[in-house]
$ cat protein_15.tsv   # TSV, C-alpha atoms
chain	number	residue	atom	x	y	z
L	840	MET	CA	0.00	0.00	0.00
L	841	ARG	CA	2.93	2.25	0.75
L	842	ALA	CA	4.27	1.57	-2.73
L	843	ALA	CA	0.80	2.20	-4.12
L	844	ASN	CA	0.64	5.60	-2.50
L	845	LEU	CA	3.95	6.38	-4.20
L	846	GLY	CA	2.39	5.50	-7.55
L	847	ASP	CA	3.66	1.92	-8.06
L	848	ALA	CA	0.77	0.53	-10.10
L	849	ALA	CA	2.05	-3.05	-10.22
L	850	ALA	CA	2.48	-3.32	-6.46
L	851	TYR	CA	-0.91	-1.73	-5.96
L	852	ARG	CA	-2.58	-4.17	-8.34
L	853	GLN	CA	-0.94	-7.04	-6.52
L	854	LEU	CA	-2.24	-5.70	-3.21
L	855	LEU	CA	-5.81	-5.27	-4.51
L	856	ARG	CA	-5.71	-8.81	-5.88
L	857	GLU	CA	-4.60	-10.14	-2.53
L	858	ILE	CA	-7.20	-8.31	-0.48
L	859	ALA	CA	-10.10	-9.00	-2.85
L	860	PRO	CA	-10.68	-12.63	-1.71
L	861	LEU	CA	-10.41	-11.51	1.90
L	862	LEU	CA	-13.00	-8.77	1.34
L	863	ARG	CA	-15.16	-11.13	-0.69
L	864	SER	CA	-15.44	-13.48	2.26
L	865	VAL	CA	-16.31	-10.55	4.54
L	866	VAL	CA	-19.05	-9.49	2.12
L	867	ARG	CA	-20.39	-13.01	1.66
L	868	ALA	CA	-20.48	-13.67	5.37
L	869	ARG	CA	-22.72	-10.65	5.77
L	870	GLY	CA	-24.93	-11.00	2.72
L	871	ALA	CA	-25.05	-14.64	1.74
L	872	ALA	CA	-28.84	-14.43	1.36
L	873	LEU	CA	-28.57	-11.87	-1.42
L	874	GLY	CA	-26.83	-14.19	-3.80
L	875	PRO	CA	-23.30	-14.20	-5.19
L	876	GLU	CA	-23.96	-11.56	-7.88
L	877	THR	CA	-25.11	-8.94	-5.40
L	878	CYS	CA	-22.19	-9.85	-3.17
L	879	GLU	CA	-19.84	-9.22	-6.06
L	880	ASP	CA	-21.54	-5.82	-6.63
L	881	VAL	CA	-20.92	-4.95	-3.01
L	882	LEU	CA	-17.35	-6.19	-3.17
L	883	GLN	CA	-16.69	-3.89	-6.11
L	884	GLU	CA	-18.13	-1.01	-4.11
L	885	VAL	CA	-15.79	-1.84	-1.23
L	886	LEU	CA	-12.80	-1.94	-3.60
L	887	LEU	CA	-13.77	1.44	-5.05
L	888	ALA	CA	-13.97	2.86	-1.53
L	889	VAL	CA	-10.60	1.38	-0.61
L	890	HIS	CA	-9.16	2.97	-3.72
L	891	LEU	CA	-10.72	6.41	-3.32
L	892	LYS	CA	-10.07	6.61	0.42
L	893	ARG	CA	-6.62	5.03	0.47
L	894	GLN	CA	-4.95	8.24	1.63
L	895	SER	CA	-6.94	8.08	4.88
L	896	TRP	CA	-4.70	5.18	5.91
L	897	ARG	CA	-1.64	6.48	7.76
L	898	GLU	CA	1.53	4.83	6.57
L	899	ASP	CA	2.81	4.11	10.07
L	900	ALA	CA	-0.34	2.21	11.07
L	901	PRO	CA	-1.13	-1.44	10.31
L	902	LEU	CA	-3.22	-1.82	7.18
L	903	ARG	CA	-5.66	-4.47	8.35
L	904	PRO	CA	-7.72	-2.48	10.90
L	905	TRP	CA	-8.11	0.32	8.38
L	906	LEU	CA	-9.14	-2.08	5.65
L	907	TYR	CA	-11.73	-3.79	7.84
L	908	ALA	CA	-13.14	-0.46	9.01
L	909	ILE	CA	-13.60	0.70	5.41
L	910	ALA	CA	-15.10	-2.64	4.38
L	911	ARG	CA	-17.48	-2.83	7.32
L	912	HIS	CA	-18.75	0.69	6.67
L	913	LYS	CA	-19.31	0.07	2.98
L	914	VAL	CA	-20.85	-3.36	3.46
L	915	VAL	CA	-23.33	-2.12	6.05
L	916	ASP	CA	-24.21	0.78	3.76
L	917	ALA	CA	-24.65	-1.37	0.71
L	918	PHE	CA	-26.80	-4.00	2.36
L	919	ARG	CA	-28.94	-1.41	4.08
L	920	ALA	CA	-29.60	0.24	0.73
L	921	ARG	CA	-30.29	-3.05	-0.97
L	922	GLY	CA	-32.60	-4.14	1.79
L	923	GLN	CA	-34.89	-1.29	0.87
L	924	ARG	CA	-35.08	-2.36	-2.73
L	925	ILE	CA	-37.49	-5.13	-3.53
L	926	ASP	CA	-35.09	-7.82	-4.54
L	927	VAL	CA	-36.71	-11.13	-5.33
L	928	SER	CA	-34.12	-13.71	-4.61
L	929	ILE	CA	-33.44	-16.03	-7.49
L	930	ASP	CA	-33.12	-18.82	-4.95
L	931	ASP	CA	-36.92	-19.05	-4.77
L	932	PHE	CA	-37.03	-20.17	-8.37
L	933	ALA	CA	-33.91	-22.20	-8.30
L	934	GLU	CA	-35.69	-25.49	-8.68
L	935	THR	CA	-37.66	-24.49	-11.76
L	936	LEU	CA	-34.86	-22.66	-13.51
L	937	PRO	CA	-32.16	-24.45	-15.40
L	938	ALA	CA	-28.70	-23.91	-13.94
L	939	ALA	CA	-26.93	-20.92	-15.44
L	940	PRO	CA	-24.42	-22.27	-17.94
L	941	GLY	CA	-21.14	-21.82	-16.12
L	942	GLU	CA	-21.37	-18.11	-15.57
L	943	ASP	CA	-18.30	-16.43	-14.15
L	944	PRO	CA	-19.21	-15.64	-10.54
L	945	THR	CA	-16.98	-12.58	-10.42
L	946	ILE	CA	-19.02	-10.66	-12.99
L	947	ALA	CA	-21.11	-8.03	-11.25
L	948	ARG	CA	-24.14	-6.35	-12.76
L	949	ASP	CA	-24.25	-2.92	-11.21
L	950	MET	CA	-20.98	-1.81	-12.73
L	951	GLU	CA	-22.34	-2.28	-16.26
L	952	LYS	CA	-25.31	-0.06	-15.45
L	953	VAL	CA	-23.05	2.60	-14.02
L	954	LEU	CA	-20.66	2.49	-16.94
L	955	GLY	CA	-23.68	2.91	-19.21
L	956	ALA	CA	-24.65	6.05	-17.32
L	957	LEU	CA	-21.15	7.49	-17.57
L	958	ASP	CA	-20.20	9.69	-20.47
L	959	PRO	CA	-19.03	7.36	-23.27
L	960	ARG	CA	-15.44	8.57	-23.32
L	961	ALA	CA	-15.00	8.08	-19.57
L	962	ALA	CA	-16.55	4.60	-19.77
L	963	GLU	CA	-14.24	3.82	-22.69
L	964	ILE	CA	-11.21	4.76	-20.63
L	965	VAL	CA	-12.27	2.63	-17.66
L	966	ARG	CA	-12.85	-0.34	-19.97
L	967	ALA	CA	-9.56	0.27	-21.75
L	968	PHE	CA	-7.66	-0.16	-18.50
L	969	GLY	CA	-9.92	-2.74	-16.93
L	970	GLN	CA	-10.93	-5.13	-19.67
L	971	HIS	CA	-8.39	-4.53	-22.39
L	972	GLY	CA	-5.42	-4.07	-20.10
L	973	GLU	CA	-4.13	-1.08	-22.02
L	974	THR	CA	-1.39	1.15	-20.71
L	975	THR	CA	-1.78	4.88	-20.32
L	976	ALA	CA	0.34	5.45	-23.42
L	977	GLU	CA	-1.75	3.11	-25.60
L	978	THR	CA	-5.03	4.65	-24.50
L	979	ALA	CA	-3.63	8.11	-25.03
L	980	ILE	CA	-2.67	7.34	-28.62
L	981	ARG	CA	-5.94	5.59	-29.44
L	982	LEU	CA	-8.13	8.37	-28.04
L	983	GLN	CA	-5.76	11.13	-29.17
L	984	MET	CA	-5.37	12.55	-25.70
L	985	SER	CA	-2.25	13.40	-23.75
L	986	GLU	CA	-1.16	10.83	-21.15
L	987	GLY	CA	-1.80	13.34	-18.39
L	988	ALA	CA	-5.35	13.88	-19.66
L	989	VAL	CA	-5.95	10.12	-19.71
L	990	ARG	CA	-4.75	9.83	-16.11
L	991	VAL	CA	-7.00	12.65	-14.96
L	992	ALA	CA	-9.94	11.28	-16.97
L	993	LEU	CA	-9.53	7.82	-15.42
L	994	HIS	CA	-9.35	9.26	-11.94
L	995	ARG	CA	-12.45	11.41	-12.50
L	996	ALA	CA	-14.33	8.49	-14.02
L	997	LEU	CA	-13.65	6.31	-10.98
L	998	ARG	CA	-14.82	9.05	-8.66
L	999	THR	CA	-17.97	9.56	-10.72
L	1000	ILE	CA	-18.63	5.82	-10.66
L	1001	ALA	CA	-18.48	5.81	-6.88
L	1002	LYS	CA	-20.90	8.74	-6.72
L	1003	LEU	CA	-23.30	7.24	-9.26
L	1004	ARG	CA	-23.40	3.96	-7.38
L	1005	GLU	CA	-24.25	5.77	-4.21
L	1006	ARG	CA	-27.06	7.63	-5.93
L	1007	MET	CA	-28.32	4.52	-7.62
L	1008	MET	CA	-29.05	2.98	-4.27
L	1009	GLU	CA	-31.07	5.83	-2.84
U	807	MET	CA	-17.47	-5.89	-15.40
U	808	LYS	CA	-15.34	-8.50	-13.69
U	809	THR	CA	-13.81	-7.71	-10.34
U	810	ASP	CA	-10.36	-8.37	-11.70
U	811	ASP	CA	-10.98	-5.86	-14.50
U	812	LEU	CA	-12.09	-3.30	-11.95
U	813	ILE	CA	-8.89	-3.95	-10.00
U	814	ALA	CA	-6.86	-3.36	-13.16
U	815	ALA	CA	-8.66	-0.06	-13.74
U	816	LEU	CA	-8.18	1.01	-10.12
U	817	ALA	CA	-4.49	0.13	-10.16
U	818	SER	CA	-4.02	2.24	-13.29
U	819	ASP	CA	-5.27	5.31	-11.47
U	820	THR	CA	-2.00	6.46	-9.95
U	821	LEU	CA	-2.76	10.16	-9.51
U	822	PRO	CA	-1.38	11.15	-6.12
U	823	ARG	CA	-4.07	11.74	-3.52
U	824	GLN	CA	-3.88	14.50	-0.96
U	825	THR	CA	-4.28	13.58	2.67
U	826	VAL	CA	-6.59	15.46	5.00
U	827	THR	CA	-3.62	17.20	6.61
U	828	GLN	CA	-2.22	18.32	3.26
U	829	ARG	CA	-5.59	19.76	2.31
U	830	LEU	CA	-5.90	21.51	5.66
U	831	TRP	CA	-2.52	23.18	5.15
U	832	ARG	CA	-3.62	24.31	1.73
U	833	ALA	CA	-7.09	25.61	2.51
U	834	LEU	CA	-7.05	26.74	6.14
U	835	PRO	CA	-4.62	29.68	5.84
U	836	ILE	CA	-6.70	31.16	3.01
U	837	ALA	CA	-10.00	30.62	4.83
U	838	ILE	CA	-8.70	32.07	8.09
U	839	GLY	CA	-7.30	35.00	6.11
U	840	VAL	CA	-10.73	35.65	4.60
U	841	SER	CA	-12.40	35.50	8.01
U	842	VAL	CA	-9.85	37.77	9.68
U	843	ALA	CA	-10.09	40.27	6.81
U	844	GLY	CA	-13.88	40.26	7.09
U	845	PHE	CA	-13.55	40.67	10.82
U	846	VAL	CA	-11.20	43.66	10.53
U	847	VAL	CA	-13.44	45.37	7.96
U	848	LEU	CA	-16.77	44.71	9.68
U	849	ARG	CA	-15.83	44.81	13.36
U	850	GLY	CA	-12.21	45.71	14.08
U	851	VAL	CA	-10.39	45.14	17.33
U	852	ARG	CA	-11.50	46.81	20.52
U	853	PRO	CA	-9.52	49.96	21.37
U	854	ASP	CA	-8.44	48.70	24.80
U	855	LEU	CA	-7.20	45.36	23.52
U	856	THR	CA	-3.78	45.47	25.23
U	857	GLN	CA	-5.30	46.05	28.67
U	858	ALA	CA	-7.96	43.42	28.07
U	859	ILE	CA	-5.39	40.79	27.13
U	860	ALA	CA	-3.46	41.50	30.32
U	861	SER	CA	-6.60	40.96	32.41
U	862	ALA	CA	-8.78	37.94	33.15
U	863	ALA	CA	-10.69	38.79	29.97
U	864	VAL	CA	-7.99	36.93	28.05
U	865	LEU	CA	-9.93	33.79	29.02
U	866	LYS	CA	-12.49	34.85	26.42
U	867	THR	CA	-9.84	34.08	23.81
U	868	LEU	CA	-8.12	31.17	25.53
U	869	LEU	CA	-11.13	29.03	26.49
U	870	PRO	CA	-12.57	28.87	22.95
U	871	LEU	CA	-9.07	28.20	21.60
U	872	ILE	CA	-8.60	25.26	23.98
U	873	ALA	CA	-11.98	23.87	22.95
U	874	ALA	CA	-11.00	24.34	19.30
U	875	ILE	CA	-7.72	22.46	19.71
U	876	LEU	CA	-9.38	19.58	21.59
U	877	ALA	CA	-12.14	19.31	19.00
U	878	ALA	CA	-9.75	19.58	16.05
U	879	GLY	CA	-7.81	16.54	17.27
U	880	ILE	CA	-11.02	14.55	17.59
U	881	ALA	CA	-12.29	15.62	14.16
U	882	LEU	CA	-9.02	14.49	12.58
U	883	ALA	CA	-9.26	11.11	14.28
U	884	LEU	CA	-12.89	10.71	13.22
U	885	VAL	CA	-12.03	10.86	9.52
U	886	HIS	CA	-9.38	8.15	9.91
U	887	PRO	CA	-11.43	4.97	10.26
U	888	ASP	CA	-8.79	3.03	12.19
U	889	GLN	CA	-8.66	5.57	15.03
U	890	ARG	CA	-10.96	5.74	18.02
U	891	PRO	CA	-10.73	9.04	19.88
U	892	THR	CA	-12.73	7.90	22.90
U	893	GLY	CA	-10.29	9.32	25.44
U	894	ARG	CA	-10.05	12.67	23.71
U	895	MET	CA	-13.83	12.86	23.43
U	896	LEU	CA	-14.08	12.37	27.18
U	897	GLY	CA	-11.51	15.16	27.56
U	898	LEU	CA	-13.54	17.58	25.47
U	899	GLY	CA	-16.74	16.53	27.24
U	900	GLY	CA	-15.06	17.12	30.60
U	901	PHE	CA	-13.85	20.54	29.50
U	902	GLY	CA	-17.37	21.50	28.41
U	903	ALA	CA	-18.85	20.10	31.63
U	904	ILE	CA	-16.45	22.15	33.79
U	905	LEU	CA	-17.37	25.35	31.94
U	906	ALA	CA	-21.07	24.54	32.27
U	907	LEU	CA	-20.61	23.91	36.00
U	908	VAL	CA	-18.75	27.20	36.44
U	909	PHE	CA	-21.56	28.99	34.64
U	910	VAL	CA	-24.30	27.34	36.68
U	911	SER	CA	-22.62	28.00	40.00
U	912	MET	CA	-21.75	31.58	39.11
U	913	SER	CA	-25.21	32.42	37.85
U	914	GLY	CA	-26.65	30.69	40.92
U	915	ALA	CA	-24.52	32.85	43.19
U	916	ALA	CA	-25.27	36.05	41.28
U	917	GLY	CA	-29.01	35.44	41.01
U	918	GLY	CA	-31.30	35.39	38.01
U	919	GLU	CA	-31.64	39.11	37.60
U	920	THR	CA	-27.91	39.77	37.43
U	921	LEU	CA	-27.59	37.03	34.85
U	922	LEU	CA	-30.37	38.45	32.72
U	923	SER	CA	-28.97	41.97	32.81
U	924	ALA	CA	-25.46	40.71	32.01
U	925	LEU	CA	-26.62	38.48	29.19
U	926	PHE	CA	-29.34	40.43	27.43
U	927	VAL	CA	-27.33	43.32	26.11
U	928	PRO	CA	-27.27	44.37	22.45
U	929	SER	CA	-23.86	42.69	22.14
U	930	LEU	CA	-25.57	39.32	22.48
U	931	PHE	CA	-27.03	39.53	19.01
U	932	THR	CA	-23.80	40.89	17.55
U	933	CYS	CA	-21.99	37.95	19.10
U	934	LEU	CA	-24.50	35.31	17.94
U	935	ALA	CA	-24.44	36.68	14.40
U	936	THR	CA	-20.74	37.44	14.03
U	937	ILE	CA	-19.21	34.20	15.31
U	938	PRO	CA	-21.11	31.94	12.86
U	939	MET	CA	-20.40	34.45	10.08
U	940	LEU	CA	-16.66	34.34	10.77
U	941	ALA	CA	-16.90	30.56	10.99
U	942	VAL	CA	-18.49	29.91	7.59
U	943	PRO	CA	-15.39	30.25	5.36
U	944	ILE	CA	-13.24	28.29	7.83
U	945	LEU	CA	-15.91	25.59	8.13
U	946	ALA	CA	-16.14	25.26	4.34
U	947	ALA	CA	-12.35	24.84	4.05
U	948	THR	CA	-12.27	22.36	6.92
U	949	LEU	CA	-15.07	20.20	5.52
U	950	TRP	CA	-13.40	20.20	2.11
U	951	ALA	CA	-10.21	18.95	3.73
U	952	LEU	CA	-12.02	16.37	5.87
U	953	SER	CA	-13.84	15.00	2.83
U	954	ALA	CA	-10.50	13.53	1.76
U	955	GLY	CA	-10.79	11.28	4.81
U	956	ALA	CA	-13.25	8.49	5.48
U	957	PRO	CA	-15.52	9.37	8.43
U	958	LEU	CA	-17.55	6.39	9.62
U	959	GLN	CA	-20.07	8.83	11.09
U	960	PRO	CA	-20.26	11.88	8.80
U	961	THR	CA	-22.74	13.82	10.95
U	962	ARG	CA	-20.65	13.42	14.07
U	963	ALA	CA	-17.41	14.30	12.27
U	964	GLY	CA	-19.09	17.42	10.86
U	965	ALA	CA	-20.37	18.44	14.29
U	966	VAL	CA	-16.97	18.08	15.95
U	967	ALA	CA	-15.34	19.98	13.09
U	968	GLY	CA	-17.99	22.67	13.64
U	969	LEU	CA	-17.05	22.82	17.33
U	970	ALA	CA	-13.40	23.34	16.42
U	971	VAL	CA	-14.16	26.01	13.84
U	972	GLY	CA	-16.70	27.71	16.13
U	973	GLY	CA	-14.08	27.86	18.88
U	974	LEU	CA	-11.58	29.45	16.54
U	975	ALA	CA	-14.16	31.95	15.27
U	976	ALA	CA	-15.09	32.84	18.85
U	977	ALA	CA	-11.42	33.42	19.67
U	978	ILE	CA	-11.15	35.83	16.72
U	979	TYR	CA	-14.36	37.56	17.71
U	980	SER	CA	-13.11	38.02	21.30
U	981	PHE	CA	-10.66	40.67	20.04
U	982	TYR	CA	-13.64	42.85	19.20
U	983	CYS	CA	-16.08	41.96	21.95
U	984	ASP	CA	-16.00	44.36	24.91
U	985	GLN	CA	-18.30	42.34	27.17
U	986	ASP	CA	-15.91	40.90	29.72
U	987	ALA	CA	-18.47	39.52	32.21
U	988	VAL	CA	-18.15	35.76	32.60
U	989	LEU	CA	-21.95	35.58	32.84
U	990	PHE	CA	-22.06	37.06	29.35
U	991	TYR	CA	-19.34	35.31	27.46
U	992	LEU	CA	-19.75	31.79	28.77
U	993	PRO	CA	-23.37	31.39	27.61
U	994	ALA	CA	-23.13	33.69	24.57
U	995	TYR	CA	-19.91	32.22	23.13
U	996	GLY	CA	-21.01	28.74	24.08
U	997	LEU	CA	-24.30	29.12	22.23
U	998	ALA	CA	-22.60	30.65	19.18
U	999	ILE	CA	-20.07	27.80	19.06
U	1000	LEU	CA	-22.87	25.23	19.38
U	1001	LEU	CA	-24.66	26.94	16.48
U	1002	VAL	CA	-21.58	26.41	14.33
U	1003	ALA	CA	-21.38	22.80	15.52
U	1004	GLY	CA	-24.99	22.31	14.41
U	1005	LEU	CA	-24.16	23.83	11.05
U	1006	GLY	CA	-21.18	21.48	10.81
U	1007	ALA	CA	-23.38	18.48	11.62
U	1008	LEU	CA	-25.85	19.37	8.86
U	1009	ALA	CA	-23.10	20.04	6.33
U	1010	GLY	CA	-21.20	16.93	7.41
U	1011	ARG	CA	-24.19	14.68	6.84
U	1012	ARG	CA	-24.40	16.04	3.32
U	1013	PHE	CA	-20.75	16.50	2.28
U	1014	LEU	CA	-18.76	13.98	4.29
U	1015	ARG	CA	-20.62	10.89	3.09
U	1016	TRP	CA	-18.77	8.47	0.91

$ encode --input "protein_15.tsv" --output "structure tokens"
Amino acid sequence: MRAANLGDAAAYRQLLREIAPLLRSVVRARGAALGPETCEDVLQEVLLAVHLKRQSWREDAPLRPWLYAIARHKVVDAFRARGQRIDVSIDDFAETLPAAPGEDPTIARDMEKVLGALDPRAAEIVRAFGQHGETTAETAIRLQMSEGAVRVALHRALRTIAKLRERMME
Amino acid sequence: MKTDDLIAALASDTLPRQTVTQRLWRALPIAIGVSVAGFVVLRGVRPDLTQAIASAAVLKTLLPLIAAILAAGIALALVHPDQRPTGRMLGLGGFGAILALVFVSMSGAAGGETLLSALFVPSLFTCLATIPMLAVPILAATLWALSAGAPLQPTRAGAVAGLAVGGLAAAIYSFYCDQDAVLFYLPAYGLAILLVAGLGALAGRRFLRW
């Protein structure tokens, strides 16, 4: 995390990958009844919060208590909001529905909706980094932007996503 | 979108983030400058300031400042989710309780009429209007800085920040205020500071959520 705060993207990615399963089990323990897809939605929200609030961790403190505090806050928030929505659990129909053909359990739905609501260029940039694994330089050339502009656009897009998700749940 | 794809996107966002403290250093000097400038233009310092500072009336400046420092430490801890400022909150609560006790016993000894005549002077309204006015720019800067943190209870964090800012604003105002009676400034400043805390709570609920 220290390296991440200094801008080491590879170390940061490694860290996020390592904490994701940990956070996933926290989320699932709390919201097993809501089904794995919703849990994955919530997990993505927690990861966004970890990312956007990472500077509220002090470098001399252990990471774990901070991480759990962030996760707990976001998980409680997310499940409270989802509790208010009428969410018919798919489990009720499980016996009459054919099993989903090997769907990847780490695909979440909410993010697609949010990306759809984002302005197309911002969504394009998030996808470029996320799904196509492009580097800043590649995206910059393809979209004819400066690298600095791509960085700022990605950062803004992630912040907007977090805000939109919050609004979506109200 | 897959979680791993999201992680890739997040890891690509390497723009440096400012901490709460960095933001405070950036915004607070400007905001305090604005407030002090407004204060000098609208109110100005009292003519007998040097004598007042040498007397017991200096408590009018010191007590709000102490409250401000205590509250500022708590507000900072409240936006760092791995910190629990329980001890410091007890400290601030104790400080407030002592002042309240002093006020109750002094007004009890002086009697209701003395209290009323000390408190209900035209300065009361000047005080209750000016302190929140001086506080608004500082509160805005503070909340902006705190929003870089992650308060688990936004309303509470906003309220404590409001206490800190209100204390600071009261300390600035005390250089103008010529009402040196304890029975005036304890309740009047206290109420004004609580007004700012209420404002901070409302604003915190709205702007410190994440």

$ atom_distance --input "protein_15.tsv" --atom1 "CA of Ala965 (chain U)" --atom2 "CA of Arg832 (chain U)"
21.7 Å

$ closest_atom_pairs --input "protein_15.tsv" --of "chain L" --to "chain U" --cutoff "7 Å" --atoms "all atoms listed in the file" --output "CSV"
residue,atom,partner,partner_atom,distance
L:Asn844,CA,U:Pro822,CA,6.9
L:Gly846,CA,U:Thr820,CA,5.1
L:Ala848,CA,U:Ala817,CA,5.3
L:Tyr851,CA,U:Ala817,CA,5.8
L:Arg852,CA,U:Ala817,CA,5.0
L:Leu855,CA,U:Ile813,CA,6.4
L:Gln883,CA,U:Thr809,CA,6.4
L:His890,CA,U:Leu816,CA,6.8
L:Lys892,CA,U:Ala956,CA,6.3
L:Gln894,CA,U:Thr825,CA,5.5
L:Ser895,CA,U:Gly955,CA,5.0
L:Trp896,CA,U:His886,CA,6.8
L:Pro904,CA,U:Asp888,CA,5.8
L:Trp905,CA,U:Asp888,CA,4.7
L:Ala908,CA,U:Pro887,CA,5.8
L:Ile909,CA,U:Pro887,CA,6.8
L:His912,CA,U:Leu958,CA,6.5
L:Thr945,CA,U:Lys808,CA,5.5
L:Ile946,CA,U:Lys808,CA,4.3
L:Ala947,CA,U:Met807,CA,5.9
L:Met950,CA,U:Met807,CA,6.0
L:Glu951,CA,U:Met807,CA,6.1
L:Val965,CA,U:Ala815,CA,6.0
L:Phe968,CA,U:Ala815,CA,4.9
L:Gly969,CA,U:Asp811,CA,4.1
L:Gln970,CA,U:Asp811,CA,5.2
L:Arg990,CA,U:Asp819,CA,6.5
L:Leu993,CA,U:Asp819,CA,6.3
L:His994,CA,U:Asp819,CA,5.7

$ residues_around --input "protein_15.tsv" --residues "Leu954 (chain L)" --least-positions-apart "4" --cutoff "10 Å" --atoms "all atoms listed in the file" --output "number ranges by chain"
L: 949-950, 958-959, 961-963, 965-966, 996-997, 999-1000, 1003; U: 807

$ atom_distance --input "protein_15.tsv" --atom1 "CA of Asp986 (chain U)" --atom2 "CA of Phe909 (chain U)"
14.1 Å

$ atom_distance --input "protein_15.tsv" --atom1 "CA of Leu921 (chain U)" --atom2 "CA of Gln857 (chain U)"
24.8 Å

$ residues_near_point --input "protein_15.tsv" --point "(-20.3, 26.9, 20.6)" --cutoff "9 Å" --atoms "all atoms listed in the file" --output "list in words"
Pro870, Gly968, Leu969, Ala970, Gly972, Gly973, Ala976, Pro993, Ala994, Tyr995, Gly996, Leu997, Ala998, Ile999, Leu1000, Leu1001, Val1002 and Ala1003 of chain U

$ axis_aligned_box --input "protein_15.tsv" --around "region 969-978 of chain L" --padding-each-side "5 Å" --output "AutoDock Vina command-line options"
--center_x -5.3 --center_y 0.2 --center_z -21.3 --size_x 21.3 --size_y 20.6 --size_z 18.7

$ residues_around --input "protein_15.tsv" --residues "Leu922 (chain U)" --least-positions-apart "3" --cutoff "10 Å" --atoms "all atoms listed in the file" --output "number ranges by chain"
U: 913, 917-919, 925-927, 989-990

$ residues_around --input "protein_15.tsv" --residues "Ala878 (chain U)" --least-positions-apart "2" --cutoff "9 Å" --atoms "all atoms listed in the file" --output "list in words"
Ala873, Ala874, Ile875, Leu876, Ile880, Ala881, Leu882, Ala883, Val966, Ala967, Leu969, Ala970 and Val971 of chain U

$ closest_residue --input "protein_15.tsv" --among "U:Ala987, U:Ile836, U:Gly850, U:Lys866" --to "Thr920 (chain U)" --atoms "only C-alpha atoms"
U:Ala987

$ closest_residue --input "protein_15.tsv" --among "U:Ala975, U:Leu1008, U:Ala862, U:Leu896" --to "Met939 (chain U)" --atoms "all atoms listed in the file"
U:Ala975

$ build_atoms --input "protein_15.tsv" --residues "region 845-849 of chain L" --atoms "all heavy atoms" --output "PDB file, in the frame of the given file"
ATOM      1  N   LEU L 845       2.866   5.706  -3.477  1.00  0.00           N
ATOM      2  CA  LEU L 845       3.950   6.380  -4.200  1.00  0.00           C
ATOM      3  C   LEU L 845       3.767   6.245  -5.712  1.00  0.00           C
ATOM      4  O   LEU L 845       4.599   6.684  -6.485  1.00  0.00           O
ATOM      5  CB  LEU L 845       5.308   5.792  -3.786  1.00  0.00           C
ATOM      6  CG  LEU L 845       5.747   6.145  -2.368  1.00  0.00           C
ATOM      7  CD1 LEU L 845       6.992   5.361  -1.989  1.00  0.00           C
ATOM      8  CD2 LEU L 845       6.001   7.638  -2.242  1.00  0.00           C
ATOM      9  N   GLY L 846       2.691   5.569  -6.119  1.00  0.00           N
ATOM     10  CA  GLY L 846       2.390   5.500  -7.550  1.00  0.00           C
ATOM     11  C   GLY L 846       2.876   4.232  -8.227  1.00  0.00           C
ATOM     12  O   GLY L 846       2.937   4.168  -9.441  1.00  0.00           O
ATOM     13  N   ASP L 847       3.230   3.187  -7.464  1.00  0.00           N
ATOM     14  CA  ASP L 847       3.660   1.920  -8.060  1.00  0.00           C
ATOM     15  C   ASP L 847       2.434   1.088  -8.411  1.00  0.00           C
ATOM     16  O   ASP L 847       1.865   0.395  -7.571  1.00  0.00           O
ATOM     17  CB  ASP L 847       4.565   1.181  -7.059  1.00  0.00           C
ATOM     18  CG  ASP L 847       5.088  -0.139  -7.619  1.00  0.00           C
ATOM     19  OD1 ASP L 847       4.534  -0.608  -8.640  1.00  0.00           O
ATOM     20  OD2 ASP L 847       6.033  -0.686  -7.051  1.00  0.00           O
ATOM     21  N   ALA L 848       2.025   1.156  -9.678  1.00  0.00           N
ATOM     22  CA  ALA L 848       0.770   0.530 -10.100  1.00  0.00           C
ATOM     23  C   ALA L 848       0.816  -0.990  -9.958  1.00  0.00           C
ATOM     24  O   ALA L 848      -0.162  -1.613  -9.559  1.00  0.00           O
ATOM     25  CB  ALA L 848       0.430   0.923 -11.524  1.00  0.00           C
ATOM     26  N   ALA L 849       1.963  -1.583 -10.263  1.00  0.00           N
ATOM     27  CA  ALA L 849       2.050  -3.050 -10.220  1.00  0.00           C
ATOM     28  C   ALA L 849       1.899  -3.559  -8.791  1.00  0.00           C
ATOM     29  O   ALA L 849       1.157  -4.507  -8.532  1.00  0.00           O
ATOM     30  CB  ALA L 849       3.386  -3.501 -10.812  1.00  0.00           C
TER      31      ALA L 849
END
